[in-house]
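A.B. asks: Sending over entry15.pdb (PDB, C-alpha atoms and all ligand atoms).
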ATOM      1  CA  MET A   1      21.651  12.229   7.714  1.00  0.00           C
ATOM      2  CA  LYS A   2      18.527  14.359   7.726  1.00  0.00           C
ATOM      3  CA  ASP A   3      15.466  13.251   9.596  1.00  0.00           C
ATOM      4  CA  PRO A   4      13.132  11.477   7.212  1.00  0.00           C
ATOM      5  CA  LEU A   5       9.733  13.077   6.743  1.00  0.00           C
ATOM      6  CA  PRO A   6       6.916  11.461   8.660  1.00  0.00           C
ATOM      7  CA  LEU A   7       5.485   8.655   6.551  1.00  0.00           C
ATOM      8  CA  GLN A   8       2.041  10.178   6.237  1.00  0.00           C
ATOM      9  CA  ILE A   9       3.113  13.339   4.487  1.00  0.00           C
ATOM     10  CA  ARG A  10       5.354  11.628   1.942  1.00  0.00           C
ATOM     11  CA  SER A  11       4.252  11.575  -1.671  1.00  0.00           C
ATOM     12  CA  SER A  12       5.419   9.876  -4.896  1.00  0.00           C
ATOM     13  CA  VAL A  13       6.185   6.610  -3.173  1.00  0.00           C
ATOM     14  CA  VAL A  14       5.862   2.868  -3.513  1.00  0.00           C
ATOM     15  CA  TYR A  15       4.371   1.594  -0.267  1.00  0.00           C
ATOM     16  CA  ASN A  16       3.734  -1.734   1.375  1.00  0.00           C
ATOM     17  CA  ASN A  17       0.683  -2.556   3.480  1.00  0.00           C
ATOM     18  CA  LEU A  18       0.738  -5.662   5.639  1.00  0.00           C
ATOM     19  CA  CYS A  19      -2.196  -7.742   6.711  1.00  0.00           C
ATOM     20  CA  ALA A  20      -2.356  -7.800  10.509  1.00  0.00           C
ATOM     21  CA  MET A  21      -3.594 -11.395  10.568  1.00  0.00           C
ATOM     22  CA  CYS A  22      -1.661 -13.301   7.889  1.00  0.00           C
ATOM     23  CA  ASP A  23       1.569 -12.828   5.969  1.00  0.00           C
ATOM     24  CA  LYS A  24      -0.018 -11.330   2.872  1.00  0.00           C
ATOM     25  CA  CYS A  25       0.822  -7.826   1.840  1.00  0.00           C
ATOM     26  CA  TYR A  26      -0.194  -5.248  -0.703  1.00  0.00           C
ATOM     27  CA  ILE A  27       2.252  -3.131  -2.669  1.00  0.00           C
ATOM     28  CA  GLY A  28       0.986   0.074  -4.202  1.00  0.00           C
ATOM     29  CA  GLY A  29       2.291   3.257  -5.690  1.00  0.00           C
ATOM     30  CA  THR A  30       0.949   6.765  -5.440  1.00  0.00           C
ATOM     31  CA  ILE A  31       2.086  10.009  -6.961  1.00  0.00           C
ATOM     32  CA  HIS A  32      -0.077  11.847  -4.427  1.00  0.00           C
ATOM     33  CA  GLY A  33       0.285  11.956  -0.673  1.00  0.00           C
ATOM     34  CA  LEU A  34       0.594   8.603   1.007  1.00  0.00           C
ATOM     35  CA  GLU A  35      -1.777   9.673   3.753  1.00  0.00           C
ATOM     36  CA  ASP A  36      -4.578  10.299   1.240  1.00  0.00           C
ATOM     37  CA  ARG A  37      -4.030   6.936  -0.419  1.00  0.00           C
ATOM     38  CA  ILE A  38      -4.105   5.147   2.942  1.00  0.00           C
ATOM     39  CA  LYS A  39      -7.313   7.013   3.796  1.00  0.00           C
ATOM     40  CA  GLU A  40      -8.833   5.743   0.545  1.00  0.00           C
ATOM     41  CA  HIS A  41      -7.883   2.165   1.417  1.00  0.00           C
ATOM     42  CA  LYS A  42      -9.275   2.541   4.929  1.00  0.00           C
ATOM     43  CA  SER A  43     -12.523   4.014   3.722  1.00  0.00           C
ATOM     44  CA  ALA A  44     -12.856   1.231   1.093  1.00  0.00           C
ATOM     45  CA  CYS A  45     -12.358  -1.332   3.877  1.00  0.00           C
ATOM     46  CA  ILE A  46     -15.034   0.295   6.055  1.00  0.00           C
ATOM     47  CA  LYS A  47     -17.483   0.435   3.134  1.00  0.00           C
ATOM     48  CA  CYS A  48     -16.533  -3.055   1.885  1.00  0.00           C
ATOM     49  CA  ASP A  49     -15.768  -1.415  -1.453  1.00  0.00           C
ATOM     50  CA  THR A  50     -13.819  -4.294  -2.948  1.00  0.00           C
ATOM     51  CA  GLU A  51     -13.608  -2.586  -6.348  1.00  0.00           C
ATOM     52  CA  LYS A  52     -11.551   0.265  -4.939  1.00  0.00           C
ATOM     53  CA  SER A  53      -9.068  -1.652  -2.832  1.00  0.00           C
ATOM     54  CA  ALA A  54      -7.541  -5.116  -2.804  1.00  0.00           C
ATOM     55  CA  LEU A  55      -7.199  -4.669   0.955  1.00  0.00           C
ATOM     56  CA  ALA A  56     -10.965  -4.254   1.222  1.00  0.00           C
ATOM     57  CA  GLU A  57     -11.422  -7.418  -0.845  1.00  0.00           C
ATOM     58  CA  HIS A  58      -9.093  -9.361   1.449  1.00  0.00           C
ATOM     59  CA  ALA A  59     -10.885  -7.965   4.525  1.00  0.00           C
ATOM     60  CA  ARG A  60     -14.224  -9.051   3.127  1.00  0.00           C
ATOM     61  CA  ARG A  61     -13.129 -12.516   1.970  1.00  0.00           C
ATOM     62  CA  GLU A  62     -10.982 -13.531   4.927  1.00  0.00           C
ATOM     63  CA  GLY A  63     -12.269 -11.253   7.651  1.00  0.00           C
ATOM     64  CA  HIS A  64      -8.751  -9.923   8.124  1.00  0.00           C
ATOM     65  CA  HIS A  65      -7.715  -6.378   8.751  1.00  0.00           C
ATOM     66  CA  THR A  66      -4.746  -4.355   7.602  1.00  0.00           C
ATOM     67  CA  ALA A  67      -1.942  -3.286   9.937  1.00  0.00           C
ATOM     68  CA  TRP A  68      -2.308   0.389   9.035  1.00  0.00           C
ATOM     69  CA  GLU A  69       0.346   1.439  11.522  1.00  0.00           C
ATOM     70  CA  LYS A  70       2.880  -0.809   9.776  1.00  0.00           C
ATOM     71  CA  VAL A  71       2.788   0.742   6.328  1.00  0.00           C
ATOM     72  CA  THR A  72       6.310   1.092   4.994  1.00  0.00           C
ATOM     73  CA  ILE A  73       7.815   2.990   2.103  1.00  0.00           C
ATOM     74  CA  LEU A  74       9.771   0.794  -0.298  1.00  0.00           C
ATOM     75  CA  ASP A  75      10.842   3.417  -2.781  1.00  0.00           C
ATOM     76  CA  ASP A  76      10.243   6.917  -3.981  1.00  0.00           C
ATOM     77  CA  GLU A  77      10.112   8.390  -7.452  1.00  0.00           C
ATOM     78  CA  ARG A  78       8.865  11.782  -8.543  1.00  0.00           C
ATOM     79  CA  ARG A  79       8.130  10.859 -12.154  1.00  0.00           C
ATOM     80  CA  MET A  80       4.883   9.009 -12.832  1.00  0.00           C
ATOM     81  CA  PHE A  81       6.498   6.640 -15.325  1.00  0.00           C
ATOM     82  CA  GLY A  82       9.366   5.794 -12.967  1.00  0.00           C
ATOM     83  CA  LEU A  83       6.926   5.213 -10.142  1.00  0.00           C
ATOM     84  CA  ILE A  84       4.948   2.681 -12.178  1.00  0.00           C
ATOM     85  CA  ILE A  85       8.159   0.814 -13.066  1.00  0.00           C
ATOM     86  CA  LYS A  86       9.389   0.758  -9.481  1.00  0.00           C
ATOM     87  CA  GLU A  87       6.019  -0.421  -8.221  1.00  0.00           C
ATOM     88  CA  ALA A  88       6.049  -3.258 -10.771  1.00  0.00           C
ATOM     89  CA  LEU A  89       9.603  -4.265  -9.767  1.00  0.00           C
ATOM     90  CA  HIS A  90       8.755  -4.378  -6.086  1.00  0.00           C
ATOM     91  CA  ILE A  91       5.680  -6.468  -6.858  1.00  0.00           C
ATOM     92  CA  LYS A  92       7.794  -8.831  -8.950  1.00  0.00           C
ATOM     93  CA  ASN A  93      10.527  -9.192  -6.325  1.00  0.00           C
ATOM     94  CA  CYS A  94       8.291  -9.474  -3.292  1.00  0.00           C
ATOM     95  CA  LYS A  95       8.892 -12.728  -1.405  1.00  0.00           C
ATOM     96  CA  LYS A  96       5.602 -12.616   0.463  1.00  0.00           C
ATOM     97  CA  PRO A  97       2.223 -13.590  -0.935  1.00  0.00           C
ATOM     98  CA  LEU A  98       0.641 -10.519  -2.457  1.00  0.00           C
ATOM     99  CA  LEU A  99      -2.899  -9.218  -2.418  1.00  0.00           C
ATOM    100  CA  ASN A 100      -2.273  -7.293  -5.611  1.00  0.00           C
ATOM    101  CA  ARG A 101      -4.599  -8.257  -8.440  1.00  0.00           C
TER
HETATM  102 ZN    ZN B 201      -4.779 -11.551   5.770  1.00  0.00          ZN
END
Could you show the structure in this file as structure tokens?
Ligand SMILES: [Zn+2]
C.D. replies:
Amino acid sequence: MKDPLPLQIRSSVVYNNLCAMCDKCYIGGTIHGLEDRIKEHKSACIKCDTEKSALAEHARREGHHTAWEKVTILDDERRMFGLIIKEALHIKNCKKPLLNR
């Protein structure tokens, strides 16, 4: 088996962000680099921009913070349409409480 690419430079993925302080999580999909998407979430959290990120909304409401180092990749898909479907399936099948809105 080949070494997997470092998480940060992956693109076209469905990812899972965990809250560091409760068992809620956020599932998202991005066709662009995962690192850029995570940066957007982080910056939204710092700016309390709840419109841009459900993680920022959770941080503001509950005072929780995201376990950025624990982001995991659930799936990958190069086609935009496929990515949307896979994201929706992971959201549907997730056993944990979700922050997705
Ligand atoms: Zn939380």
A.B. asks: Hey, can I get the axis-aligned box for stretch 39-51 of chain A? All listed atoms, 5 Å padding on each side, centre and edge lengths in Å to one decimal, as JSON.
C.D. replies:
{"center_x": -12.4, "center_y": 1.4, "center_z": -0.1, "size_x": 20.2, "size_y": 21.3, "size_z": 22.4}
A.B. asks: From the set A:His32, A:Arg60, A:Lys39, A:Lys52, which residue has the shortest atom-to-atom contact distance to A:Asp76, counting only C-alpha atoms?
C.D. replies: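 Ranked by minimum distance to A:Asp76, first place goes to A:His32.
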A.B. asks: Set the cut-off to 10 Å, count all atoms listed in the file, and list whatever residues fall near ligand ZN 201 (chain B) as a list in words.
C.D. replies: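 Protein and nucleic-acid residues within 10 Å of ligand ZN 201 (chain B): Leu18, Cys19, Ala20, Met21, Cys22, Asp23, Lys24, Cys25, Leu55, His58, Ala59, Arg61, Glu62, Gly63, His64, His65, Thr66, Ala67, Pro97, Leu98 and Leu99 of chain A.
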A.B. asks: Quick one: distance from atom CA of A:Lys42 to atom CA of A:Glu57 in Å, one decimal?
C.D. replies: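 Between atom CA of A:Lys42 and atom CA of A:Glu57 the gap works out to 11.7 Å.
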A.B. asks: Distance atom CA of A:Ile73-atom CA of A:Val13, one decimal place?
C.D. replies: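 Interatomic distance, atom CA of A:Ile73 to atom CA of A:Val13: 6.6 Å.
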A.B. asks: When distances are computed from all atoms listed in the file, which of A:Glu77, A:Glu35, A:Glu40, A:Glu87 shows the smallest separation from A:Ser53?
C.D. replies: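 Going through A:Glu77, A:Glu35, A:Glu40, A:Glu87 one by one, the smallest distance to A:Ser53 is for A:Glu40.
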A.B. asks: With only C-alpha atoms as the atoms that count, which of A:Val14, A:Val71, A:Gln8, A:Ile46 lies nearest to A:Gly29?
C.D. replies: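 That would be A:Val14, the residue with the smallest distance to A:Gly29.
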A.B. asks: Suppose a student applies the PyMOL selection byres (((chain A and resi 30) around 9) and not hetatm) to this structure; what residues should they get, written as a list in words?
C.D. replies: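 The output of the PyMOL selection byres (((chain A and resi 30) around 9) and not hetatm) on this file is Ser11, Ser12, Val13, Val14, Tyr15, Gly28, Gly29, Ile31, His32, Gly33, Leu34, Arg37, Met80, Leu83 and Ile84 of chain A.
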A.B. asks: What does the distance from atom CA of A:Leu74 to atom CA of A:His90 come to in Å, to one decimal?
C.D. replies: 7.8 Å
A.B. asks: Counting all atoms listed in the file, which of A:Leu7, A:Trp68, A:Ala54, A:Phe81 gets nearest to A:Ile27?
C.D. replies: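 Looking only at the distances to A:Ile27, the closest residue turns out to be A:Ala54.
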A.B. asks: Of the candidates A:Lys70, A:Arg78, A:Asn17, A:Ala88, which one gets nearest to A:Ala56 if we count only C-alpha atoms?
C.D. replies: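 Closest residue, counting only C-alpha atoms: A:Asn17.
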A.B. asks: Take stretch 66-97 of chain A, model N, CA and C atoms, and hand the result over as a PDB file, in the coordinates of the input.
C.D. replies:
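File selection.pdb, as written:
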ATOM      1  N   THR A  66      -6.078  -4.832   7.972  1.00  0.00           N
ATOM      2  CA  THR A  66      -4.746  -4.355   7.602  1.00  0.00           C
ATOM      3  C   THR A  66      -4.055  -3.709   8.797  1.00  0.00           C
ATOM      4  N   ALA A  67      -2.748  -3.937   8.891  1.00  0.00           N
ATOM      5  CA  ALA A  67      -1.942  -3.286   9.937  1.00  0.00           C
ATOM      6  C   ALA A  67      -1.564  -1.881   9.454  1.00  0.00           C
ATOM      7  N   TRP A  68      -2.506  -0.964   9.592  1.00  0.00           N
ATOM      8  CA  TRP A  68      -2.308   0.389   9.035  1.00  0.00           C
ATOM      9  C   TRP A  68      -1.083   1.075   9.620  1.00  0.00           C
ATOM     10  N   GLU A  69      -0.781   0.758  10.867  1.00  0.00           N
ATOM     11  CA  GLU A  69       0.346   1.439  11.522  1.00  0.00           C
ATOM     12  C   GLU A  69       1.681   0.889  11.019  1.00  0.00           C
ATOM     13  N   LYS A  70       1.626  -0.201  10.239  1.00  0.00           N
ATOM     14  CA  LYS A  70       2.880  -0.809   9.776  1.00  0.00           C
ATOM     15  C   LYS A  70       3.187  -0.544   8.309  1.00  0.00           C
ATOM     16  N   VAL A  71       2.497   0.428   7.729  1.00  0.00           N
ATOM     17  CA  VAL A  71       2.788   0.742   6.328  1.00  0.00           C
ATOM     18  C   VAL A  71       4.240   1.214   6.209  1.00  0.00           C
ATOM     19  N   THR A  72       4.919   0.682   5.196  1.00  0.00           N
ATOM     20  CA  THR A  72       6.310   1.092   4.994  1.00  0.00           C
ATOM     21  C   THR A  72       6.494   1.627   3.577  1.00  0.00           C
ATOM     22  N   ILE A  73       7.489   2.456   3.425  1.00  0.00           N
ATOM     23  CA  ILE A  73       7.815   2.990   2.103  1.00  0.00           C
ATOM     24  C   ILE A  73       8.963   2.180   1.522  1.00  0.00           C
ATOM     25  N   LEU A  74       8.759   1.638   0.333  1.00  0.00           N
ATOM     26  CA  LEU A  74       9.771   0.794  -0.298  1.00  0.00           C
ATOM     27  C   LEU A  74      10.670   1.611  -1.220  1.00  0.00           C
ATOM     28  N   ASP A  75      10.118   2.679  -1.758  1.00  0.00           N
ATOM     29  CA  ASP A  75      10.842   3.417  -2.781  1.00  0.00           C
ATOM     30  C   ASP A  75      10.180   4.775  -2.971  1.00  0.00           C
ATOM     31  N   ASP A  76      10.916   5.691  -3.560  1.00  0.00           N
ATOM     32  CA  ASP A  76      10.243   6.917  -3.981  1.00  0.00           C
ATOM     33  C   ASP A  76      10.705   7.317  -5.368  1.00  0.00           C
ATOM     34  N   GLU A  77       9.841   8.029  -6.056  1.00  0.00           N
ATOM     35  CA  GLU A  77      10.112   8.390  -7.452  1.00  0.00           C
ATOM     36  C   GLU A  77       9.143   9.505  -7.841  1.00  0.00           C
ATOM     37  N   ARG A  78       9.703  10.618  -8.268  1.00  0.00           N
ATOM     38  CA  ARG A  78       8.865  11.782  -8.543  1.00  0.00           C
ATOM     39  C   ARG A  78       8.163  11.699  -9.904  1.00  0.00           C
ATOM     40  N   ARG A  79       8.745  10.932 -10.821  1.00  0.00           N
ATOM     41  CA  ARG A  79       8.130  10.859 -12.154  1.00  0.00           C
ATOM     42  C   ARG A  79       7.130   9.711 -12.207  1.00  0.00           C
ATOM     43  N   MET A  80       5.964   9.989 -12.781  1.00  0.00           N
ATOM     44  CA  MET A  80       4.883   9.009 -12.832  1.00  0.00           C
ATOM     45  C   MET A  80       5.355   7.706 -13.474  1.00  0.00           C
ATOM     46  N   PHE A  81       6.055   7.834 -14.606  1.00  0.00           N
ATOM     47  CA  PHE A  81       6.498   6.640 -15.325  1.00  0.00           C
ATOM     48  C   PHE A  81       7.451   5.801 -14.468  1.00  0.00           C
ATOM     49  N   GLY A  82       8.406   6.483 -13.838  1.00  0.00           N
ATOM     50  CA  GLY A  82       9.366   5.794 -12.967  1.00  0.00           C
ATOM     51  C   GLY A  82       8.680   5.107 -11.802  1.00  0.00           C
ATOM     52  N   LEU A  83       7.654   5.768 -11.286  1.00  0.00           N
ATOM     53  CA  LEU A  83       6.926   5.213 -10.142  1.00  0.00           C
ATOM     54  C   LEU A  83       6.238   3.899 -10.521  1.00  0.00           C
ATOM     55  N   ILE A  84       5.636   3.894 -11.704  1.00  0.00           N
ATOM     56  CA  ILE A  84       4.948   2.681 -12.178  1.00  0.00           C
ATOM     57  C   ILE A  84       5.946   1.527 -12.329  1.00  0.00           C
ATOM     58  N   ILE A  85       7.119   1.836 -12.881  1.00  0.00           N
ATOM     59  CA  ILE A  85       8.159   0.814 -13.066  1.00  0.00           C
ATOM     60  C   ILE A  85       8.631   0.270 -11.714  1.00  0.00           C
ATOM     61  N   LYS A  86       8.896   1.187 -10.790  1.00  0.00           N
ATOM     62  CA  LYS A  86       9.389   0.758  -9.481  1.00  0.00           C
ATOM     63  C   LYS A  86       8.347  -0.075  -8.745  1.00  0.00           C
ATOM     64  N   GLU A  87       7.097   0.340  -8.855  1.00  0.00           N
ATOM     65  CA  GLU A  87       6.019  -0.421  -8.221  1.00  0.00           C
ATOM     66  C   GLU A  87       5.993  -1.846  -8.779  1.00  0.00           C
ATOM     67  N   ALA A  88       6.088  -1.944 -10.116  1.00  0.00           N
ATOM     68  CA  ALA A  88       6.049  -3.258 -10.771  1.00  0.00           C
ATOM     69  C   ALA A  88       7.231  -4.124 -10.331  1.00  0.00           C
ATOM     70  N   LEU A  89       8.413  -3.507 -10.188  1.00  0.00           N
ATOM     71  CA  LEU A  89       9.603  -4.265  -9.767  1.00  0.00           C
ATOM     72  C   LEU A  89       9.465  -4.777  -8.341  1.00  0.00           C
ATOM     73  N   HIS A  90       8.943  -3.941  -7.473  1.00  0.00           N
ATOM     74  CA  HIS A  90       8.755  -4.378  -6.086  1.00  0.00           C
ATOM     75  C   HIS A  90       7.725  -5.507  -6.008  1.00  0.00           C
ATOM     76  N   ILE A  91       6.695  -5.409  -6.837  1.00  0.00           N
ATOM     77  CA  ILE A  91       5.680  -6.468  -6.858  1.00  0.00           C
ATOM     78  C   ILE A  91       6.323  -7.768  -7.342  1.00  0.00           C
ATOM     79  N   LYS A  92       7.142  -7.661  -8.373  1.00  0.00           N
ATOM     80  CA  LYS A  92       7.794  -8.831  -8.950  1.00  0.00           C
ATOM     81  C   LYS A  92       8.757  -9.490  -7.963  1.00  0.00           C
ATOM     82  N   ASN A  93       9.478  -8.664  -7.210  1.00  0.00           N
ATOM     83  CA  ASN A  93      10.527  -9.192  -6.325  1.00  0.00           C
ATOM     84  C   ASN A  93      10.048  -9.519  -4.915  1.00  0.00           C
ATOM     85  N   CYS A  94       8.785  -9.259  -4.645  1.00  0.00           N
ATOM     86  CA  CYS A  94       8.291  -9.474  -3.292  1.00  0.00           C
ATOM     87  C   CYS A  94       8.263 -10.971  -2.968  1.00  0.00           C
ATOM     88  N   LYS A  95       8.810 -11.319  -1.793  1.00  0.00           N
ATOM     89  CA  LYS A  95       8.892 -12.728  -1.405  1.00  0.00           C
ATOM     90  C   LYS A  95       7.617 -13.209  -0.720  1.00  0.00           C
ATOM     91  N   LYS A  96       6.821 -12.254  -0.269  1.00  0.00           N
ATOM     92  CA  LYS A  96       5.602 -12.616   0.463  1.00  0.00           C
ATOM     93  C   LYS A  96       4.430 -12.782  -0.504  1.00  0.00           C
ATOM     94  N   PRO A  97       3.405 -13.513  -0.087  1.00  0.00           N
ATOM     95  CA  PRO A  97       2.223 -13.590  -0.935  1.00  0.00           C
ATOM     96  C   PRO A  97       1.564 -12.218  -1.020  1.00  0.00           C
TER      97      PRO A  97
END
